[in-house]
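A.B. asks: One structure is given below, represented as structure tokens, and several questions about it will come after.
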Amino acid sequence: MTADTLIRVHRNGKDVGYFTPDTARQSLLSGVLRADDWAFYDGLPDWTPLAVLLEQSRTSPTLPPIVTPPPVIRTPPPIPYQPLPARASPTRTGRPALVVVLIAAAVAFVFVVSLVFSGRTAISEVKIPVSAAEFGDRWPLTVSSGYIIRRERKIPNASFKSYSVIFESPDGTRYGLNGHALTEGYRNIHAITKSHLVFGEPRYEDVSGLISIGLNGKR
């Protein structure tokens, strides 16, 4: 597993999202992910608990680099000069036709791509109000209220759906709660999450309850 490997995280029968190893470790510390979440990436024989997978990646041995000796350059003997026979100048007949074919192929490609991707992805949003008054001591954020937003992406004629779980603060700023939301460019929820220091490292309050609301689309 490399630093760019995408780890798929699964919880309670639903995908939480895709994370790189570093993002997964940070999300595990912050409470976005859990140690017993199931994790998988291409090349792994089976689903593995996230904490076990990250620990294995931390202890994986690194092979020494292979040093390739420099090539031996041999100078070939000189070839005696021999004049080339006279050749007729090549004709340019058919080159305009080739240019036309290439242009037509490019236009057709752009047209097909626009049909596939333009306006084909259906996006829906569900907004659920939440507040510190409802959660009590379990409220993990520094703001007192806001909205949990579930963005669902569905491509017609395909079974795949993705859910981005977002928190909208009272000032309208949106923060990513799960991996899908973070990959879409939303700010990390850590910016407004309560935290305390553990061995000099910030330990963030658990936001999994907010994520669950977003994934379920209801309280």
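In the structure tokens, each chain is lettered A, B, ... as it comes, each chain's residues begin at 1, and ligands are numbered from 1 in order of appearance.
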Residues within 12 Å of A:Leu141, please, as a PyMOL selection string. Count only C-alpha atoms; anything in the same chain fewer than 4 positions from it doesn't count.
C.D. replies: chain A and resi 30+130-133+135-137+145-146+167-169+175+177+189-195+204-210
A.B. asks: What does the distance from atom CA of A:His180 to atom CA of A:Leu197 come to in Å, to one decimal?
C.D. replies: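 One can read the atom CA of A:His180 to atom CA of A:Leu197 distance as 27.4 Å.
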A.B. asks: Within 10 Å of A:Val52, counting only C-alpha atoms, which residues qualify if same-chain residues fewer than 6 places away don't, as a VMD selection string?
C.D. replies: chain A and resid 35 to 36 38 to 39 58
A.B. asks: Please produce a file of those selected residues containing C-alpha atoms, as a PDB file, in the first residue's frame.
C.D. replies:
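File written: selection.pdb
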ATOM      1  CA  ALA A  35     -11.073   1.323  14.514  1.00  0.00           C
ATOM      2  CA  ASP A  36     -13.583  -1.485  13.757  1.00  0.00           C
ATOM      3  CA  TRP A  38     -14.100  -2.448   7.570  1.00  0.00           C
ATOM      4  CA  ALA A  39     -11.448  -1.394   5.023  1.00  0.00           C
ATOM      5  CA  ARG A  58       2.960   1.351   9.134  1.00  0.00           C
TER       6      ARG A  58
END
